[in-house]
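Enquirer: Below is the file coords_30.cif, which contains mmCIF, C-alpha atoms and all ligand atoms.
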data_my_file
loop_
_atom_site.label_atom_id
_atom_site.label_comp_id
_atom_site.auth_asym_id
_atom_site.auth_seq_id
_atom_site.Cartn_x
_atom_site.Cartn_y
_atom_site.Cartn_z
CA MET A 175 0.00 0.00 0.00
CA PHE A 176 1.34 3.45 -0.84
CA ILE A 177 0.96 5.86 2.05
CA ASP A 178 2.76 9.18 2.07
CA LYS A 179 1.34 10.85 5.18
CA ALA A 180 1.16 9.65 8.76
CA LYS A 181 0.70 10.92 12.28
CA ILE A 182 2.59 9.19 15.05
CA TYR A 183 3.26 9.68 18.75
CA ILE A 184 6.76 9.66 20.13
CA LYS A 185 8.07 9.72 23.66
CA ALA A 186 11.66 9.76 24.88
CA GLY A 187 12.44 7.60 27.92
CA ASP A 188 11.73 8.77 31.44
CA GLY A 189 14.69 9.09 33.76
CA GLY A 190 15.11 6.28 36.31
CA ASN A 191 14.37 7.05 39.97
CA GLY A 192 17.16 7.58 42.43
CA CYS A 193 17.39 4.92 45.12
CA THR A 194 17.03 5.34 48.89
CA SER A 195 19.13 2.71 50.56
CA PHE A 196 21.58 2.28 53.45
CA TYR A 197 24.66 0.18 53.45
CA THR A 198 24.16 -3.06 55.29
CA GLU A 199 26.55 -5.87 55.97
CA LYS A 200 26.87 -8.49 58.65
CA TYR A 201 28.43 -7.02 61.79
CA VAL A 202 28.16 -3.46 60.41
CA ASN A 203 25.54 -1.23 61.97
CA ASN A 204 24.20 2.03 60.60
CA GLY A 205 25.98 1.97 57.27
CA GLY A 206 25.75 5.24 55.39
CA PRO A 207 23.37 6.09 52.53
CA ASP A 208 24.34 4.15 49.41
CA GLY A 209 21.39 4.66 47.03
CA GLY A 210 22.59 5.16 43.44
CA ASN A 211 21.33 7.57 40.80
CA GLY A 212 18.70 6.65 38.22
CA GLY A 213 19.79 6.29 34.59
CA ILE A 214 18.97 8.86 31.91
CA GLY A 215 16.07 7.95 29.56
CA GLY A 216 16.72 7.03 25.94
CA LYS A 217 16.51 9.67 23.19
CA ILE A 218 14.15 9.31 20.28
CA GLY A 219 14.99 10.16 16.70
CA PHE A 220 14.62 9.37 13.00
CA ARG A 221 16.88 7.90 10.32
CA ALA A 222 16.44 8.36 6.57
CA VAL A 223 16.74 5.06 4.70
CA LYS A 224 16.58 4.57 0.95
CA ASN A 225 15.22 1.03 1.08
CA LYS A 226 11.84 2.33 2.28
CA SER A 227 9.61 4.13 -0.17
CA THR A 228 6.35 4.64 1.70
CA LEU A 229 5.09 5.48 5.17
CA ALA A 230 2.82 2.41 5.17
CA ASP A 231 4.47 0.94 8.29
CA PHE A 232 3.07 3.80 10.31
CA LYS A 233 -0.50 2.85 9.48
CA PHE A 234 -0.14 -0.09 11.84
CA SER A 235 2.13 1.24 14.54
CA GLN A 236 1.75 4.78 15.74
CA HIS A 237 3.25 4.81 19.21
CA PHE A 238 7.00 4.89 19.71
CA ARG A 239 8.77 5.05 23.05
CA ALA A 240 12.43 5.04 23.83
CA GLU A 241 13.45 2.96 26.82
CA ASN A 242 13.22 4.45 30.31
CA GLY A 243 16.36 4.83 32.40
CA GLU A 244 16.76 2.14 35.01
CA ASN A 245 16.21 2.99 38.68
CA GLY A 246 19.28 3.42 40.84
CA LYS A 247 20.19 0.57 43.20
CA SER A 248 21.90 0.15 46.52
CA ARG A 249 25.69 0.07 46.87
CA TYR A 250 25.99 3.26 44.85
CA SER A 251 24.92 1.38 41.79
CA ALA A 252 23.64 3.72 39.08
CA GLY A 253 20.69 2.72 36.91
CA LYS A 254 21.46 1.89 33.28
CA LYS A 255 20.77 4.46 30.62
CA GLY A 256 17.61 3.78 28.56
CA LYS A 257 18.25 2.65 24.98
CA ASP A 258 17.72 5.28 22.28
CA LEU A 259 15.05 4.59 19.71
CA VAL A 260 15.69 5.44 16.07
CA ILE A 261 12.70 5.24 13.72
CA ASP A 262 13.43 4.51 10.06
CA VAL A 263 11.66 6.67 7.48
CA PRO A 264 12.07 6.92 3.70
CA VAL A 265 14.52 9.50 2.38
CA GLY A 266 12.56 12.69 1.72
CA THR A 267 10.30 12.47 4.77
CA VAL A 268 9.47 15.82 6.33
CA ILE A 269 8.77 15.65 10.08
CA ARG A 270 6.59 18.27 11.71
CA ASP A 271 5.28 19.06 15.16
CA ALA A 272 1.61 18.13 14.85
CA GLU A 273 0.46 20.95 17.13
CA SER A 274 2.16 23.89 15.45
CA GLY A 275 2.80 22.41 12.01
CA LYS A 276 6.43 23.58 12.30
CA ILE A 277 9.16 21.54 10.64
CA ILE A 278 11.37 19.55 13.00
CA ALA A 279 13.48 17.88 10.33
CA ASP A 280 13.74 17.24 6.60
CA MET A 281 15.16 13.72 6.28
CA PHE A 282 16.87 14.64 3.08
CA SER A 283 19.79 12.30 2.61
CA ASP A 284 20.26 8.57 3.01
CA GLY A 285 21.62 7.61 6.42
CA MET A 286 20.92 10.98 8.04
CA ILE A 287 19.93 10.68 11.72
CA LYS A 288 18.13 13.37 13.68
CA PHE A 289 17.29 13.06 17.37
CA VAL A 290 14.20 15.06 18.19
CA ALA A 291 13.48 14.46 21.89
CA GLU A 292 15.89 14.01 24.80
CA GLY A 293 15.38 11.45 27.54
CA GLY A 294 14.56 12.54 31.10
CA ASN A 295 17.40 12.94 33.58
CA GLY A 296 17.85 10.26 36.19
CA GLY A 297 16.98 11.12 39.80
CA LYS A 298 19.77 11.35 42.38
CA GLY A 299 20.06 8.55 44.90
CA ASN A 300 20.12 9.30 48.62
CA ALA A 301 23.91 8.96 48.68
CA PHE A 302 23.99 12.21 46.73
CA PHE A 303 22.05 14.12 49.38
CA ARG A 304 24.39 13.27 52.21
CA ASN A 305 26.25 16.21 53.73
CA SER A 306 27.87 17.15 57.04
CA ARG A 307 24.56 18.09 58.64
CA ARG A 308 22.49 15.38 57.01
CA GLN A 309 24.20 12.06 57.51
CA ALA A 310 21.28 9.86 56.70
CA PRO A 311 18.97 11.28 54.03
CA HIS A 312 15.87 9.10 53.83
CA PHE A 313 14.93 10.43 50.42
CA SER A 314 16.02 10.33 46.85
CA GLN A 315 14.96 12.09 43.69
CA ALA A 316 12.44 10.76 41.20
CA GLY A 317 13.50 10.48 37.55
CA GLU A 318 12.46 13.25 35.17
CA LYS A 319 9.31 12.37 33.23
CA THR A 320 9.13 13.12 29.52
CA ARG A 321 6.09 14.17 27.51
CA GLU A 322 4.62 12.38 24.54
CA HIS A 323 4.59 14.43 21.34
CA ALA A 324 2.48 14.03 18.21
CA VAL A 325 4.39 14.44 14.97
CA THR A 326 3.32 14.24 11.34
CA LEU A 327 5.38 12.55 8.66
CA GLU A 328 5.04 13.56 5.05
CA LEU A 329 6.95 12.00 2.20
CA LYS A 330 8.18 14.43 -0.42
CA THR A 331 10.13 12.31 -2.85
CA ILE A 332 13.55 13.53 -3.85
CA ALA A 333 14.14 13.35 -7.59
CA ASP A 334 15.78 15.56 -10.20
CA VAL A 335 13.08 15.30 -12.84
CA GLY A 336 9.32 14.82 -12.60
CA LEU A 337 7.14 13.39 -15.38
CA VAL A 338 3.73 15.07 -15.55
CA GLY A 339 0.75 14.79 -17.85
CA TYR A 340 -2.70 13.32 -18.37
CA PRO A 341 -3.24 9.64 -17.59
CA ASN A 342 -2.35 7.17 -20.33
CA VAL A 343 -0.08 9.53 -22.29
CA GLY A 344 2.90 7.21 -21.81
CA LYS A 345 4.76 8.58 -18.77
CA SER A 346 5.53 5.17 -17.31
CA THR A 347 6.48 3.84 -20.72
CA ILE A 348 8.97 6.69 -21.04
CA LEU A 349 10.44 5.95 -17.61
CA SER A 350 10.83 2.31 -18.65
CA VAL A 351 12.82 3.22 -21.78
CA ILE A 352 15.12 5.79 -20.18
CA SER A 353 15.92 3.85 -17.00
CA ALA A 354 16.03 0.34 -15.57
CA ALA A 355 12.73 0.93 -13.72
CA ARG A 356 9.88 -1.42 -14.67
CA PRO A 357 6.66 0.41 -13.77
CA LYS A 358 3.27 -1.03 -14.65
CA ILE A 359 2.11 0.06 -18.11
CA ALA A 360 -1.42 -0.39 -19.46
CA SER A 361 -3.89 1.32 -21.73
CA TYR A 362 -6.26 2.63 -19.09
CA HIS A 363 -6.29 5.66 -16.82
CA PHE A 364 -4.46 5.65 -13.50
CA THR A 365 -2.35 2.60 -14.14
CA THR A 366 0.25 4.27 -11.97
CA LEU A 367 -1.07 4.67 -8.43
CA SER A 368 2.07 5.79 -6.64
CA PRO A 369 5.35 7.40 -7.69
CA ASN A 370 7.95 5.30 -9.50
CA LEU A 371 11.57 6.30 -9.48
CA GLY A 372 14.18 5.50 -12.13
CA MET A 373 17.87 6.26 -12.37
CA VAL A 374 18.94 7.60 -15.75
CA SER A 375 22.59 7.47 -16.86
CA ALA A 376 23.87 10.07 -19.25
CA TYR A 377 27.52 10.60 -20.18
CA ASP A 378 29.47 10.94 -16.92
CA ASP A 379 26.41 11.52 -14.80
CA SER A 380 23.18 10.03 -13.55
CA PHE A 381 19.95 11.54 -12.25
CA VAL A 382 16.65 10.40 -10.77
CA VAL A 383 13.35 10.67 -12.62
CA ALA A 384 10.00 10.37 -10.85
CA ASP A 385 6.88 9.14 -12.64
CA ILE A 386 3.65 10.07 -10.86
CA PRO A 387 -0.01 9.20 -11.55
CA GLY A 388 -1.79 11.13 -14.29
CA LEU A 389 -3.04 14.49 -13.09
CA ILE A 390 -6.52 14.85 -14.54
CA ASP A 391 -8.97 12.12 -15.39
CA GLY A 392 -9.99 13.19 -18.87
CA ALA A 393 -12.77 10.64 -18.99
CA SER A 394 -14.66 11.80 -15.92
CA GLU A 395 -13.44 15.40 -15.89
CA GLY A 396 -13.42 14.92 -12.15
CA ALA A 397 -10.88 16.50 -9.87
CA GLY A 398 -7.35 15.32 -10.52
CA LEU A 399 -6.79 12.06 -8.72
CA GLY A 400 -3.09 12.58 -9.20
CA HIS A 401 -3.22 16.03 -7.63
CA ASP A 402 -2.27 14.55 -4.28
CA PHE A 403 0.90 13.22 -5.81
CA LEU A 404 2.22 16.59 -6.88
CA ARG A 405 4.05 16.81 -3.56
CA HIS A 406 6.36 14.15 -4.94
CA ILE A 407 7.59 16.45 -7.70
CA GLU A 408 7.68 19.62 -5.59
CA ARG A 409 11.37 19.13 -4.99
CA THR A 410 12.34 18.27 -8.57
CA ARG A 411 14.52 20.64 -10.57
CA LEU A 412 12.95 20.01 -13.93
CA LEU A 413 9.59 18.81 -15.24
CA VAL A 414 9.03 16.72 -18.34
CA HIS A 415 5.53 17.46 -19.56
CA VAL A 416 4.26 14.49 -21.57
CA ILE A 417 1.48 14.98 -24.11
CA ASP A 418 -0.32 12.44 -26.27
CA ALA A 419 0.43 14.13 -29.59
CA SER A 420 -1.86 11.82 -31.52
CA GLY A 421 -4.93 12.87 -29.58
CA SER A 422 -5.76 9.17 -29.43
CA GLU A 423 -8.34 9.73 -26.72
CA GLY A 424 -10.13 12.47 -28.59
CA ARG A 425 -8.60 15.34 -26.67
CA ASP A 426 -6.75 18.27 -28.22
CA PRO A 427 -3.01 18.15 -27.37
CA VAL A 428 -2.82 21.96 -27.05
CA GLU A 429 -5.74 21.99 -24.60
CA ASP A 430 -4.10 19.14 -22.66
CA TYR A 431 -0.92 21.14 -22.38
CA LYS A 432 -2.74 24.17 -21.04
CA ALA A 433 -4.92 22.16 -18.64
CA ILE A 434 -1.94 20.44 -17.00
CA ASN A 435 -0.15 23.77 -16.59
CA ARG A 436 -3.28 25.20 -14.95
CA GLU A 437 -3.26 22.23 -12.61
CA LEU A 438 0.36 22.97 -11.67
CA VAL A 439 -0.33 26.66 -11.00
CA GLY A 440 -3.37 25.70 -8.91
CA TYR A 441 -1.26 23.45 -6.73
CA ASP A 442 1.66 25.82 -6.32
CA PRO A 443 2.72 28.62 -8.68
CA ALA A 444 6.35 27.71 -7.95
CA LEU A 445 5.73 24.33 -9.55
CA ALA A 446 4.54 25.97 -12.77
CA GLU A 447 7.65 28.15 -12.75
CA LYS A 448 9.98 25.15 -12.88
CA PRO A 449 11.76 24.61 -16.20
CA GLN A 450 9.86 22.21 -18.45
CA ILE A 451 10.75 20.05 -21.37
CA VAL A 452 7.69 19.28 -23.47
CA VAL A 453 7.47 15.76 -24.91
CA LEU A 454 5.05 15.01 -27.72
CA ASN A 455 4.66 11.26 -27.32
CA LYS A 456 2.86 8.67 -29.48
CA THR A 457 4.16 10.34 -32.67
CA ASP A 458 4.04 6.87 -34.29
CA MET A 459 0.29 7.39 -34.50
CA LEU A 460 0.53 10.98 -35.66
CA THR A 461 -0.91 11.87 -39.06
CA ASP A 462 -1.23 15.63 -38.86
CA PHE A 463 2.09 17.19 -37.81
CA SER A 464 0.67 20.72 -37.52
CA VAL A 465 0.19 20.00 -33.82
CA VAL A 466 3.95 20.29 -33.33
CA ASP A 467 4.02 23.94 -34.38
CA LYS A 468 0.91 24.72 -32.38
CA ILE A 469 2.51 23.35 -29.21
CA LYS A 470 5.76 25.19 -29.92
CA GLU A 471 3.79 28.39 -30.31
CA VAL A 472 1.94 28.17 -26.99
CA SER A 473 4.77 26.73 -24.94
CA GLU A 474 7.89 28.56 -26.14
CA ARG A 475 9.80 25.66 -24.63
CA ASP A 476 11.99 22.87 -25.93
CA VAL A 477 9.72 20.34 -27.61
CA ILE A 478 10.83 16.77 -28.23
CA LEU A 479 9.05 14.38 -30.58
CA MET A 480 8.96 10.90 -29.25
CA SER A 481 7.50 7.47 -29.54
CA ALA A 482 8.24 5.52 -26.41
CA VAL A 483 6.96 2.24 -27.88
CA ILE A 484 9.21 2.31 -30.92
CA HIS A 485 12.07 3.93 -28.96
CA SER A 486 12.31 7.05 -31.07
CA GLY A 487 13.40 10.31 -29.43
CA VAL A 488 14.73 8.47 -26.39
CA GLU A 489 18.35 9.63 -26.73
CA GLU A 490 17.21 13.12 -27.51
CA LEU A 491 15.14 13.31 -24.33
CA ILE A 492 17.97 11.98 -22.17
CA LYS A 493 20.37 14.54 -23.65
CA ALA A 494 17.91 17.39 -23.19
CA MET A 495 17.35 16.46 -19.52
CA TYR A 496 21.09 16.14 -18.96
CA HIS A 497 21.90 19.55 -20.43
CA GLU A 498 19.04 21.28 -18.66
CA LEU A 499 20.00 19.76 -15.29
CA LYS A 500 23.60 20.87 -15.75
CA LYS A 501 22.35 24.47 -15.74
CA LEU A 502 20.24 24.05 -12.60
CA PRO A 503 21.25 24.06 -8.94
CA GLU A 504 21.26 20.76 -7.02
CA VAL A 505 18.12 19.68 -5.14
CA GLN A 506 18.19 21.39 -1.76
CA PRO A 507 16.62 20.38 1.55
CA LEU A 508 13.74 22.56 2.73
CA GLU A 509 14.64 25.80 4.45
CA TYR A 510 13.03 26.15 7.83
CA GLU A 511 13.43 27.56 11.29
CA PRO A 512 14.41 24.49 13.28
CA PHE A 513 11.68 23.60 15.74
CA GLU A 514 12.51 21.98 19.03
CA PHE A 515 10.19 20.59 21.64
CA GLU A 516 10.11 22.72 24.76
CA LYS A 517 12.38 21.59 27.52
CA PRO A 518 10.58 21.40 30.83
CA ASP A 519 10.90 24.80 32.49
CA LYS A 520 12.47 24.18 35.86
CA THR A 521 12.72 27.66 37.31
CA SER A 522 9.42 29.45 36.99
CA PHE A 523 6.41 29.36 39.28
CA ASP A 524 3.21 31.28 39.89
CA VAL A 525 1.29 32.22 42.99
CA VAL A 526 -2.45 32.32 42.49
CA LYS A 527 -5.02 33.58 44.95
CA ILE A 528 -7.82 31.03 44.84
CA GLU A 529 -10.00 32.75 47.44
CA GLU A 530 -9.61 34.93 50.52
CA GLY A 531 -6.91 33.35 52.69
CA TYR A 532 -6.18 30.51 50.25
CA TYR A 533 -3.32 30.53 47.78
CA GLU A 534 -1.79 28.04 45.43
CA VAL A 535 1.74 27.82 44.04
CA PHE A 536 2.47 25.90 40.85
CA GLY A 537 4.81 25.83 37.85
CA GLY A 538 7.87 24.08 36.45
CA MET A 539 9.96 24.83 39.52
CA ILE A 540 7.37 23.23 41.79
CA ASP A 541 7.16 20.14 39.59
CA GLU A 542 10.92 19.88 39.67
CA LEU A 543 10.94 20.27 43.44
CA ALA A 544 8.35 17.55 43.72
CA ARG A 545 10.88 15.12 42.28
CA ASN A 546 13.13 15.81 45.23
CA VAL A 547 10.73 15.64 48.04
CA VAL A 548 8.83 13.05 49.98
CA LEU A 549 6.54 15.24 52.03
CA ASP A 550 5.96 12.88 54.92
CA ASN A 551 9.67 12.61 55.50
CA TYR A 552 11.09 15.08 57.99
CA ASP A 553 14.47 15.47 56.27
CA SER A 554 12.87 15.90 52.98
CA LEU A 555 10.42 18.47 54.27
CA LYS A 556 13.22 20.55 55.74
CA TYR A 557 14.96 20.52 52.38
CA PHE A 558 11.72 21.59 50.76
CA GLN A 559 11.18 24.51 53.14
CA LYS A 560 14.71 25.71 52.60
CA GLN A 561 14.25 25.59 48.82
CA ILE A 562 10.97 27.48 49.03
CA LYS A 563 12.76 30.30 50.82
CA GLU A 564 15.87 30.27 48.66
CA ARG A 565 14.01 30.27 45.38
CA GLY A 566 11.86 33.23 46.32
CA VAL A 567 8.50 31.52 46.77
CA ASP A 568 8.26 33.13 50.20
CA LYS A 569 8.69 36.57 48.77
CA ALA A 570 6.24 35.91 45.98
CA LEU A 571 3.63 34.77 48.48
CA ARG A 572 4.09 37.95 50.48
CA LYS A 573 3.78 40.03 47.35
CA ALA A 574 0.58 38.24 46.43
CA GLY A 575 -0.82 39.30 49.81
CA VAL A 576 -0.49 36.20 51.93
CA GLN A 577 -0.96 36.89 55.67
CA ASP A 578 0.16 34.83 58.61
CA GLY A 579 -2.32 32.04 59.16
CA ASP A 580 -3.46 31.84 55.51
CA THR A 581 -3.47 28.50 53.76
CA VAL A 582 -1.00 27.81 50.95
CA ARG A 583 -1.30 24.80 48.72
CA ILE A 584 1.81 23.43 47.05
CA MET A 585 1.42 20.19 45.14
CA ASP A 586 -0.87 17.98 47.18
CA VAL A 587 -0.14 19.55 50.51
CA GLU A 588 -1.69 22.48 52.32
CA PHE A 589 0.40 24.56 54.72
CA GLU A 590 -0.51 27.23 57.16
CA TYR A 591 1.67 30.19 56.36
CA TYR A 592 3.78 31.89 59.02
CA GLU A 593 6.75 34.06 58.29
N1 LIG A 601 1.22 4.10 -29.88
C1 LIG A 601 1.88 4.42 -28.77
N2 LIG A 601 1.43 3.95 -27.60
C2 LIG A 601 2.13 4.30 -26.49
C3 LIG A 601 3.30 5.08 -26.54
N3 LIG A 601 3.77 5.23 -25.29
C4 LIG A 601 2.91 4.55 -24.48
N4 LIG A 601 1.93 3.98 -25.19
C5 LIG A 601 0.81 3.18 -24.69
O1 LIG A 601 -0.06 4.01 -23.95
C6 LIG A 601 -0.64 3.28 -22.87
C7 LIG A 601 -0.41 4.02 -21.58
O2 LIG A 601 0.96 4.02 -21.26
P1 LIG A 601 1.49 4.28 -19.79
O3 LIG A 601 2.96 4.42 -19.89
O4 LIG A 601 0.91 3.32 -18.84
O5 LIG A 601 0.83 5.72 -19.55
P2 LIG A 601 0.90 6.64 -18.27
O6 LIG A 601 0.99 8.04 -18.73
O7 LIG A 601 1.96 6.16 -17.35
O8 LIG A 601 -0.55 6.39 -17.64
P3 LIG A 601 -1.07 6.52 -16.12
O9 LIG A 601 -0.10 5.79 -15.26
O10 LIG A 601 -2.39 5.92 -16.16
O11 LIG A 601 -1.08 7.98 -15.84
C8 LIG A 601 -0.01 1.92 -22.90
O12 LIG A 601 -0.90 1.03 -23.55
C9 LIG A 601 1.26 2.12 -23.70
O13 LIG A 601 1.66 0.94 -24.39
C10 LIG A 601 3.75 5.54 -27.83
O14 LIG A 601 4.74 6.24 -27.99
N5 LIG A 601 2.99 5.18 -28.89
MG MG A 602 1.85 5.45 -15.48
#
Spell out the structure here as structure tokens.
Expert:
Amino acid sequence: MFIDKAKIYIKAGDGGNGCTSFYTEKYVNNGGPDGGNGGIGGKIGFRAVKNKSTLADFKFSQHFRAENGENGKSRYSAGKKGKDLVIDVPVGTVIRDAESGKIIADMFSDGMIKFVAEGGNGGKGNAFFRNSRRQAPHFSQAGEKTREHAVTLELKTIADVGLVGYPNVGKSTILSVISAARPKIASYHFTTLSPNLGMVSAYDDSFVVADIPGLIDGASEGAGLGHDFLRHIERTRLLVHVIDASGSEGRDPVEDYKAINRELVGYDPALAEKPQIVVLNKTDMLTDFSVVDKIKEVSERDVILMSAVIHSGVEELIKAMYHELKKLPEVQPLEYEPFEFEKPDKTSFDVVKIEEGYYEVFGGMIDELARNVVLDNYDSLKYFQKQIKERGVDKALRKAGVQDGDTVRIMDVEFEYYE
């Protein structure tokens, strides 16, 4: 199945929890704190691979999680780092943040790896919190939790040349005679249902040609089924516009030429601005050659006469593509402001007056503090109170109008406030 868009959910690994433990051994009493730190969570990222050509895999699996860091253990033993997770996507996949639509990465070249979310930090074990005044900390820090993010994947094929035209004009046949590609060819509309790529060799060089489904169903005059596939030629440097010169389906070749160009402008004016080589195919069935001049008149572009079935004009087309490409800049990755997921904000907090005499404090700093504190532990509580003072929560409460005896809620605990 050809699928070129997907939405998936990714989550880097949580950090492992720090460990609370005390050294014990036969005949040794009151050993010191020996709880180790938790391991850092695994990162999550993407790798561009050329042996994948669709996003079909993501229809069946949409949730990806890197491994969590291991919890710390006794005897100062640190938890293992969580394994990174690298998700393979076809070359040309554009990854966006689903919320903002901003581009996170353009997986432009084979083998490229881009990590997009960092794992959570491991929590410190109780051994870390030991100091001269606190010999036996009965607490450790929880690992940092990471958020899940939704991202969209969109495949924008990377090719040098794109073949465009009505269905059945011979685009796939042309690809089959200029390259080793063997696309399906048949005398009905929309034989090609997804892009085919072929490598063309010319002189000292080679380039990639993409064949996409026909753009407009002439039979039904319905909306272009192939319209959706134009994204696969957005990045090409050159278009080859294929026309059935013989008018074998009763259409006028000049009208065909104009209609396809209108379709290109409608999708993206930049696409219509790309250099074009016009190919008049099926000339083996041509009786009235006046069509050649008519096309030359309206297009003012290079026009090549061709018959893909009897292999005439093949060399000429390859040469024309080669020379045109020589003049054009290489395919470039998209330009974008790199988007990064927000790191958890660990310093800010807010004081909110809920009602008279009742205040609440919350924010990134409080969440971070919560990792450090077990509120029913005396040691831990003392640490918490000290932090609240040092980090200015006290001051902020005063400023917000808190009076002695008012209630302040921080996390799940309510305190009576006294200076
Ligand atoms: N007489 C003649 N027939 C041709 C020529 N090129 C292709 N055909 C025939 O035209 C029909 C359509 O060819 P395809 O290559 O499948 O056309 P397409 O443009 O890829 O069509 P879609 O994939 O449906 O958009 C087939 O029956 C081909 O054999 C040609 O130069 N002369
Ligand atoms: Mg085709």
Enquirer: Choose the residue, out of A:Gly275, A:Gly293, A:Gly424, A:Gly285, that has the smallest atom-to-atom separation from Gly216 of chain A; count all atoms listed in the file.
Expert: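 Ranking A:Gly275, A:Gly293, A:Gly424, A:Gly285 by distance to Gly216 of chain A, first place goes to A:Gly293.
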Enquirer: When you count all atoms listed in the file, which of these residues is closest to Cys193 of chain A: A:Val268, A:Ala301, A:Met286, A:Ile478?
Expert: A:Ala301
Enquirer: Would you list the residues that come within 6 Å of ligand LIG 601 (chain A)? Count all atoms listed in the file and give the answer as JSON, numbers by chain.
Expert: {"A": [341, 342, 343, 344, 345, 346, 347, 359, 360, 361, 362, 363, 364, 365, 366, 387, 388, 455, 456, 458, 459, 481, 482, 483]}
Enquirer: Taking 3 positions as the minimum chain separation for residues in the same chain, which residues sit within 10 Å of segment 223-239 of chain A when counting all atoms listed in the file? Answer as a PDB file with C-alpha atoms, in the coordinates of the input.
Expert:
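Output below, filename around.pdb:
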ATOM      1  CA  MET A 175       0.000   0.000   0.000  1.00  0.00           C
ATOM      2  CA  PHE A 176       1.340   3.450  -0.840  1.00  0.00           C
ATOM      3  CA  ILE A 177       0.960   5.860   2.050  1.00  0.00           C
ATOM      4  CA  ASP A 178       2.760   9.180   2.070  1.00  0.00           C
ATOM      5  CA  LYS A 179       1.340  10.850   5.180  1.00  0.00           C
ATOM      6  CA  ALA A 180       1.160   9.650   8.760  1.00  0.00           C
ATOM      7  CA  LYS A 181       0.700  10.920  12.280  1.00  0.00           C
ATOM      8  CA  ILE A 182       2.590   9.190  15.050  1.00  0.00           C
ATOM      9  CA  TYR A 183       3.260   9.680  18.750  1.00  0.00           C
ATOM     10  CA  ILE A 184       6.760   9.660  20.130  1.00  0.00           C
ATOM     11  CA  LYS A 185       8.070   9.720  23.660  1.00  0.00           C
ATOM     12  CA  ALA A 186      11.660   9.760  24.880  1.00  0.00           C
ATOM     13  CA  GLY A 187      12.440   7.600  27.920  1.00  0.00           C
ATOM     14  CA  ASP A 188      11.730   8.770  31.440  1.00  0.00           C
ATOM     15  CA  GLY A 216      16.720   7.030  25.940  1.00  0.00           C
ATOM     16  CA  LYS A 217      16.510   9.670  23.190  1.00  0.00           C
ATOM     17  CA  ILE A 218      14.150   9.310  20.280  1.00  0.00           C
ATOM     18  CA  PHE A 220      14.620   9.370  13.000  1.00  0.00           C
ATOM     19  CA  ASN A 242      13.220   4.450  30.310  1.00  0.00           C
ATOM     20  CA  LYS A 257      18.250   2.650  24.980  1.00  0.00           C
ATOM     21  CA  ASP A 258      17.720   5.280  22.280  1.00  0.00           C
ATOM     22  CA  LEU A 259      15.050   4.590  19.710  1.00  0.00           C
ATOM     23  CA  VAL A 260      15.690   5.440  16.070  1.00  0.00           C
ATOM     24  CA  ILE A 261      12.700   5.240  13.720  1.00  0.00           C
ATOM     25  CA  ASP A 262      13.430   4.510  10.060  1.00  0.00           C
ATOM     26  CA  VAL A 263      11.660   6.670   7.480  1.00  0.00           C
ATOM     27  CA  PRO A 264      12.070   6.920   3.700  1.00  0.00           C
ATOM     28  CA  VAL A 265      14.520   9.500   2.380  1.00  0.00           C
ATOM     29  CA  GLY A 266      12.560  12.690   1.720  1.00  0.00           C
ATOM     30  CA  THR A 267      10.300  12.470   4.770  1.00  0.00           C
ATOM     31  CA  MET A 281      15.160  13.720   6.280  1.00  0.00           C
ATOM     32  CA  PHE A 282      16.870  14.640   3.080  1.00  0.00           C
ATOM     33  CA  SER A 283      19.790  12.300   2.610  1.00  0.00           C
ATOM     34  CA  ASP A 284      20.260   8.570   3.010  1.00  0.00           C
ATOM     35  CA  GLY A 285      21.620   7.610   6.420  1.00  0.00           C
ATOM     36  CA  MET A 286      20.920  10.980   8.040  1.00  0.00           C
ATOM     37  CA  ILE A 287      19.930  10.680  11.720  1.00  0.00           C
ATOM     38  CA  GLU A 322       4.620  12.380  24.540  1.00  0.00           C
ATOM     39  CA  HIS A 323       4.590  14.430  21.340  1.00  0.00           C
ATOM     40  CA  ALA A 324       2.480  14.030  18.210  1.00  0.00           C
ATOM     41  CA  LEU A 327       5.380  12.550   8.660  1.00  0.00           C
ATOM     42  CA  GLU A 328       5.040  13.560   5.050  1.00  0.00           C
ATOM     43  CA  LEU A 329       6.950  12.000   2.200  1.00  0.00           C
ATOM     44  CA  THR A 331      10.130  12.310  -2.850  1.00  0.00           C
ATOM     45  CA  SER A 368       2.070   5.790  -6.640  1.00  0.00           C
ATOM     46  CA  PRO A 369       5.350   7.400  -7.690  1.00  0.00           C
ATOM     47  CA  ASN A 370       7.950   5.300  -9.500  1.00  0.00           C
ATOM     48  CA  LEU A 371      11.570   6.300  -9.480  1.00  0.00           C
TER      49      LEU A 371
END
Enquirer: In terms of the shortest atom-to-atom distance over all atoms listed in the file, which of A:Arg356, A:Lys330, A:Lys298, A:Lys432 is closest to Ile407 of chain A?
Expert: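 Among the listed residues, A:Lys330 lies closest to Ile407 of chain A.
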Enquirer: Set the distance at 10 Å and use all atoms listed in the file: which residues neighbour Glu530 of chain A once local chain neighbours fewer than 3 positions away are removed? I'd like the list as a compact mmCIF listing (two decimals) with C-alpha atoms, keeping the file's coordinate frame.
Expert:
# COMPACT_ATOMS: atom_id res chain seq x y z
CA LYS A 527 -5.02 33.58 44.95
CA TYR A 533 -3.32 30.53 47.78
CA GLY A 575 -0.82 39.30 49.81
CA VAL A 576 -0.49 36.20 51.93
CA ASP A 580 -3.46 31.84 55.51
CA THR A 581 -3.47 28.50 53.76
Enquirer: Which residue, A:Glu498, A:Asp553, A:Asp385, A:Asp541, has the smallest gap to ligand MG 602 (chain A) when you use all atoms listed in the file?
Expert: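 Of A:Glu498, A:Asp553, A:Asp385, A:Asp541, the one nearest ligand MG 602 (chain A) is A:Asp385, counting all atoms listed in the file.
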